[in-house]
file data_29.txt (compact mmCIF, N, CA and C atoms)
# COMPACT_ATOMS: atom_id res chain seq x y z
N ALA O 1 28.53 79.15 130.18
CA ALA O 1 29.72 78.72 129.48
C ALA O 1 30.03 77.28 129.85
N GLY O 2 30.59 76.56 128.91
CA GLY O 2 30.99 75.19 129.17
C GLY O 2 32.32 75.15 129.89
N ALA O 3 32.82 73.96 130.13
CA ALA O 3 34.08 73.81 130.87
C ALA O 3 35.22 74.55 130.20
N GLY O 4 35.80 75.48 130.91
CA GLY O 4 36.97 76.20 130.42
C GLY O 4 36.72 77.22 129.35
N GLU O 5 35.47 77.56 129.05
CA GLU O 5 35.18 78.58 128.05
C GLU O 5 35.08 79.94 128.72
N ALA O 6 35.71 80.94 128.12
CA ALA O 6 35.62 82.31 128.61
C ALA O 6 34.30 82.91 128.15
N ALA O 7 33.70 83.75 128.98
CA ALA O 7 32.44 84.41 128.63
C ALA O 7 32.47 85.83 129.17
N ALA O 8 31.63 86.70 128.59
CA ALA O 8 31.58 88.09 129.04
C ALA O 8 30.16 88.61 128.97
N SER O 9 29.84 89.48 129.91
CA SER O 9 28.58 90.22 129.91
C SER O 9 28.92 91.67 130.20
N VAL O 10 28.29 92.59 129.48
CA VAL O 10 28.45 94.00 129.76
C VAL O 10 27.28 94.40 130.64
N VAL O 11 27.58 94.94 131.81
CA VAL O 11 26.55 95.26 132.78
C VAL O 11 25.96 96.65 132.51
N THR O 12 26.80 97.66 132.38
CA THR O 12 26.35 99.01 132.08
C THR O 12 27.27 99.62 131.05
N LYS O 13 26.75 100.56 130.29
CA LYS O 13 27.60 101.24 129.32
C LYS O 13 27.10 102.65 129.05
N ASP O 14 28.02 103.56 128.92
CA ASP O 14 27.73 104.94 128.58
C ASP O 14 28.85 105.38 127.65
N ILE O 15 28.70 105.02 126.37
CA ILE O 15 29.71 105.35 125.37
C ILE O 15 29.08 106.13 124.24
N GLU O 16 29.90 106.82 123.50
CA GLU O 16 29.43 107.66 122.39
C GLU O 16 28.93 106.80 121.24
N TYR O 17 27.71 107.05 120.79
CA TYR O 17 27.15 106.29 119.68
C TYR O 17 27.45 106.96 118.35
N THR O 18 27.91 106.18 117.40
CA THR O 18 28.01 106.59 116.01
C THR O 18 27.76 105.37 115.15
N SER O 19 27.11 105.57 114.05
CA SER O 19 26.91 104.48 113.10
C SER O 19 28.26 104.02 112.61
N GLY O 20 28.50 102.72 112.63
CA GLY O 20 29.78 102.18 112.18
C GLY O 20 30.84 102.12 113.27
N CYS O 21 30.50 102.50 114.48
CA CYS O 21 31.43 102.40 115.63
C CYS O 21 32.71 103.19 115.43
N GLY O 22 32.63 104.36 114.85
CA GLY O 22 33.82 105.14 114.53
C GLY O 22 34.55 105.77 115.68
N TYR O 23 33.89 105.98 116.83
CA TYR O 23 34.53 106.69 117.93
C TYR O 23 34.74 105.82 119.16
N ASP O 24 33.67 105.32 119.75
CA ASP O 24 33.77 104.46 120.93
C ASP O 24 33.18 103.10 120.61
N SER O 25 33.82 102.04 121.05
CA SER O 25 33.27 100.70 120.84
C SER O 25 33.86 99.71 121.83
N ILE O 26 33.11 98.64 122.08
CA ILE O 26 33.55 97.53 122.92
C ILE O 26 33.48 96.28 122.05
N SER O 27 34.52 95.48 122.08
CA SER O 27 34.55 94.22 121.33
C SER O 27 34.96 93.10 122.25
N LEU O 28 34.31 91.95 122.11
CA LEU O 28 34.78 90.75 122.78
C LEU O 28 35.47 89.91 121.73
N LEU O 29 36.74 89.59 121.98
CA LEU O 29 37.54 88.87 121.01
C LEU O 29 37.71 87.41 121.42
N ASP O 30 37.64 86.53 120.46
CA ASP O 30 37.77 85.09 120.70
C ASP O 30 39.24 84.70 120.65
N GLY O 31 40.00 85.18 121.63
CA GLY O 31 41.45 84.98 121.71
C GLY O 31 42.06 86.17 122.40
N LEU O 32 43.37 86.17 122.52
CA LEU O 32 44.06 87.22 123.28
C LEU O 32 44.64 88.34 122.43
N LEU O 33 44.59 88.23 121.12
CA LEU O 33 45.19 89.24 120.24
C LEU O 33 44.12 90.20 119.72
N THR O 34 44.52 91.43 119.41
CA THR O 34 43.57 92.39 118.83
C THR O 34 43.12 91.95 117.44
N THR O 35 43.82 91.00 116.84
CA THR O 35 43.44 90.46 115.53
C THR O 35 42.56 89.21 115.65
N SER O 36 42.27 88.77 116.88
CA SER O 36 41.40 87.61 117.08
C SER O 36 39.99 87.93 116.57
N PRO O 37 39.24 86.90 116.13
CA PRO O 37 37.89 87.16 115.61
C PRO O 37 36.95 87.71 116.69
N LEU O 38 36.01 88.54 116.25
CA LEU O 38 34.98 89.07 117.14
C LEU O 38 34.00 87.97 117.52
N ILE O 39 33.49 88.04 118.74
CA ILE O 39 32.37 87.21 119.15
C ILE O 39 31.16 88.13 119.10
N GLY O 40 30.33 87.97 118.09
CA GLY O 40 29.23 88.91 117.88
C GLY O 40 29.74 90.21 117.30
N ALA O 41 28.89 91.20 117.24
CA ALA O 41 29.24 92.49 116.65
C ALA O 41 29.87 93.41 117.69
N LYS O 42 30.60 94.42 117.20
CA LYS O 42 31.10 95.46 118.10
C LYS O 42 29.91 96.14 118.76
N ILE O 43 30.12 96.67 119.94
CA ILE O 43 29.09 97.44 120.63
C ILE O 43 29.49 98.90 120.55
N CYS O 44 28.61 99.71 119.99
CA CYS O 44 28.91 101.14 119.92
C CYS O 44 27.65 101.96 120.19
N ASP O 45 26.77 101.40 121.00
CA ASP O 45 25.57 102.11 121.40
C ASP O 45 25.25 101.73 122.84
N ASN O 46 24.15 102.20 123.35
CA ASN O 46 23.77 101.90 124.72
C ASN O 46 22.67 100.86 124.80
N VAL O 47 22.41 100.15 123.69
CA VAL O 47 21.34 99.16 123.66
C VAL O 47 21.88 97.74 123.48
N THR O 48 22.81 97.53 122.52
CA THR O 48 23.34 96.21 122.24
C THR O 48 23.93 95.59 123.49
N TRP O 49 23.76 94.32 123.64
CA TRP O 49 24.29 93.53 124.76
C TRP O 49 23.49 93.67 126.03
N ALA O 50 22.33 94.28 125.98
CA ALA O 50 21.50 94.32 127.17
C ALA O 50 21.10 92.89 127.49
N ASP O 51 21.48 92.41 128.65
CA ASP O 51 21.19 91.04 129.08
C ASP O 51 21.70 89.99 128.10
N ASP O 52 22.84 90.23 127.50
CA ASP O 52 23.43 89.31 126.52
C ASP O 52 24.78 88.84 127.04
N THR O 53 25.01 87.54 127.00
CA THR O 53 26.30 86.97 127.36
C THR O 53 26.92 86.37 126.12
N ARG O 54 28.18 86.64 125.89
CA ARG O 54 28.88 86.09 124.72
C ARG O 54 29.96 85.14 125.21
N VAL O 55 30.09 84.01 124.52
CA VAL O 55 30.98 82.94 124.96
C VAL O 55 32.04 82.67 123.90
N ALA O 56 33.29 82.57 124.34
CA ALA O 56 34.41 82.25 123.45
C ALA O 56 34.38 80.77 123.11
N THR O 57 35.14 80.39 122.08
CA THR O 57 35.20 78.98 121.69
C THR O 57 36.17 78.19 122.55
N GLY O 58 36.97 78.87 123.36
CA GLY O 58 37.94 78.18 124.20
C GLY O 58 38.22 78.95 125.46
N GLN O 59 39.43 78.76 125.98
CA GLN O 59 39.80 79.32 127.28
C GLN O 59 40.23 80.79 127.23
N ASN O 60 40.49 81.34 126.07
CA ASN O 60 41.03 82.69 125.97
C ASN O 60 40.04 83.65 125.32
N ALA O 61 39.89 84.79 125.94
CA ALA O 61 39.07 85.86 125.39
C ALA O 61 39.64 87.19 125.88
N ALA O 62 39.35 88.25 125.15
CA ALA O 62 39.80 89.58 125.54
C ALA O 62 38.70 90.57 125.25
N VAL O 63 38.63 91.60 126.07
CA VAL O 63 37.72 92.71 125.83
C VAL O 63 38.57 93.87 125.33
N TYR O 64 38.17 94.43 124.20
CA TYR O 64 38.90 95.54 123.59
C TYR O 64 37.99 96.76 123.60
N PHE O 65 38.44 97.83 124.23
CA PHE O 65 37.68 99.07 124.32
C PHE O 65 38.41 100.14 123.54
N ASN O 66 37.73 100.72 122.56
CA ASN O 66 38.30 101.77 121.74
C ASN O 66 37.54 103.06 122.03
N SER O 67 38.25 104.16 122.22
CA SER O 67 37.59 105.42 122.54
C SER O 67 38.39 106.60 122.03
N ASP O 68 37.69 107.68 121.75
CA ASP O 68 38.35 108.94 121.43
C ASP O 68 38.08 109.90 122.60
N ASP O 69 38.52 111.14 122.47
CA ASP O 69 38.35 112.08 123.58
C ASP O 69 37.36 113.21 123.28
N SER O 70 36.53 113.07 122.23
CA SER O 70 35.66 114.17 121.85
C SER O 70 34.43 114.30 122.75
N ILE O 71 33.83 113.21 123.14
CA ILE O 71 32.67 113.21 124.04
C ILE O 71 32.97 112.21 125.14
N THR O 72 32.80 112.62 126.38
CA THR O 72 33.13 111.72 127.48
C THR O 72 31.87 111.16 128.13
N GLY O 73 31.95 109.91 128.51
CA GLY O 73 30.87 109.24 129.22
C GLY O 73 31.50 108.39 130.31
N ALA O 74 30.67 107.65 130.99
CA ALA O 74 31.16 106.83 132.10
C ALA O 74 31.96 105.62 131.63
N GLY O 75 31.80 105.21 130.37
CA GLY O 75 32.50 104.03 129.86
C GLY O 75 31.62 102.80 129.99
N TYR O 76 32.18 101.71 130.49
CA TYR O 76 31.39 100.49 130.63
C TYR O 76 31.84 99.71 131.85
N GLU O 77 30.96 98.85 132.30
CA GLU O 77 31.28 97.90 133.36
C GLU O 77 30.89 96.54 132.84
N GLY O 78 31.78 95.59 132.94
CA GLY O 78 31.50 94.26 132.42
C GLY O 78 32.00 93.18 133.35
N ILE O 79 31.62 91.97 133.02
CA ILE O 79 32.05 90.80 133.77
C ILE O 79 32.66 89.83 132.78
N LEU O 80 33.89 89.42 133.02
CA LEU O 80 34.57 88.41 132.21
C LEU O 80 34.83 87.23 133.13
N TYR O 81 34.35 86.07 132.76
CA TYR O 81 34.46 84.92 133.66
C TYR O 81 34.61 83.63 132.88
N CYS O 82 34.90 82.56 133.58
CA CYS O 82 34.96 81.24 132.95
C CYS O 82 34.66 80.15 133.97
N ASP O 83 34.36 79.00 133.44
CA ASP O 83 34.27 77.80 134.25
C ASP O 83 35.69 77.51 134.69
N SER O 84 35.92 77.22 135.94
CA SER O 84 37.28 77.12 136.46
C SER O 84 38.01 75.83 136.10
N THR O 85 37.37 74.90 135.43
CA THR O 85 38.06 73.63 135.10
C THR O 85 38.01 73.40 133.60
N PRO O 86 39.07 73.53 132.83
CA PRO O 86 40.35 74.11 133.22
C PRO O 86 40.24 75.63 133.30
N SER O 87 41.27 76.27 133.78
CA SER O 87 41.22 77.72 133.97
C SER O 87 41.31 78.45 132.64
N CYS O 88 40.85 79.69 132.64
CA CYS O 88 40.89 80.55 131.46
C CYS O 88 41.99 81.59 131.63
N ALA O 89 42.44 82.15 130.50
CA ALA O 89 43.46 83.19 130.54
C ALA O 89 42.80 84.54 130.33

call {"tool": "encode", "arguments": {"input": "data_29.txt", "output": "structure tokens"}}
result
Amino acid sequence: AGAGEAAASVVTKDIEYTSGCGYDSISLLDGLLTTSPLIGAKICDNVTWADDTRVATGQNAAVYFNSDDSITGAGYEGILYCDSTPSCA
């Protein structure tokens, strides 16, 4: 990531797969609101984002996790970070 850009990597994931991400999904948003644009596609399988880092256009990013209660898994582990000059939110 460049100076002050937020970035995220998903390290592990165990979420329910469905075509179209209808039940469980992970999204990296380019901003702090749930209406902020997606950075890349939603993740709703155990393959997407393997060794993939996504970078926001600025200092703000959010990870949005959507889940239902029909099938349970471990969820996900991720890293959200930024270059510290300037700081990220």

call {"tool": "residues_near_point", "arguments": {"input": "data_29.txt", "point": "(37.3, 77.7, 124.8)", "cutoff": "6.5 Å", "atoms": "all atoms listed in the file", "output": "PyMOL selection string"}}
result
chain O and resi 4-6+56-60

call {"tool": "residues_around", "arguments": {"input": "data_29.txt", "residues": "Ala61 (chain O)", "least_positions_apart": "2", "cutoff": "7 Å", "atoms": "all atoms listed in the file", "output": "PyMOL selection string"}}
result
chain O and resi 6-7+28-33+56+58-59+63+88-89

call {"tool": "atom_distance", "arguments": {"input": "data_29.txt", "atom1": "atom C of Ala8 (chain O)", "atom2": "atom C of Asp69 (chain O)"}}
result
26.3 Å

call {"tool": "atom_distance", "arguments": {"input": "data_29.txt", "atom1": "atom C of Gly73 (chain O)", "atom2": "atom N of Ser36 (chain O)"}}
result
26.1 Å

call {"tool": "atom_distance", "arguments": {"input": "data_29.txt", "atom1": "CA of Arg54 (chain O)", "atom2": "CA of Gly40 (chain O)"}}
result
7.4 Å

call {"tool": "closest_residue", "arguments": {"input": "data_29.txt", "among": "O:Thr34, O:Ser9, O:Ile39, O:Asp14", "to": "Tyr76 (chain O)", "atoms": "only N, CA and C atoms"}}
result
O:Asp14

call {"tool": "closest_residue", "arguments": {"input": "data_29.txt", "among": "O:Ile71, O:Leu38, O:Cys82, O:Val55", "to": "Glu16 (chain O)", "atoms": "only C-alpha atoms"}}
result
O:Ile71

call {"tool": "closest_residue", "arguments": {"input": "data_29.txt", "among": "O:Thr53, O:Ser67, O:Ile26, O:Thr72", "to": "Ala41 (chain O)", "atoms": "only C-alpha atoms"}}
result
O:Ile26
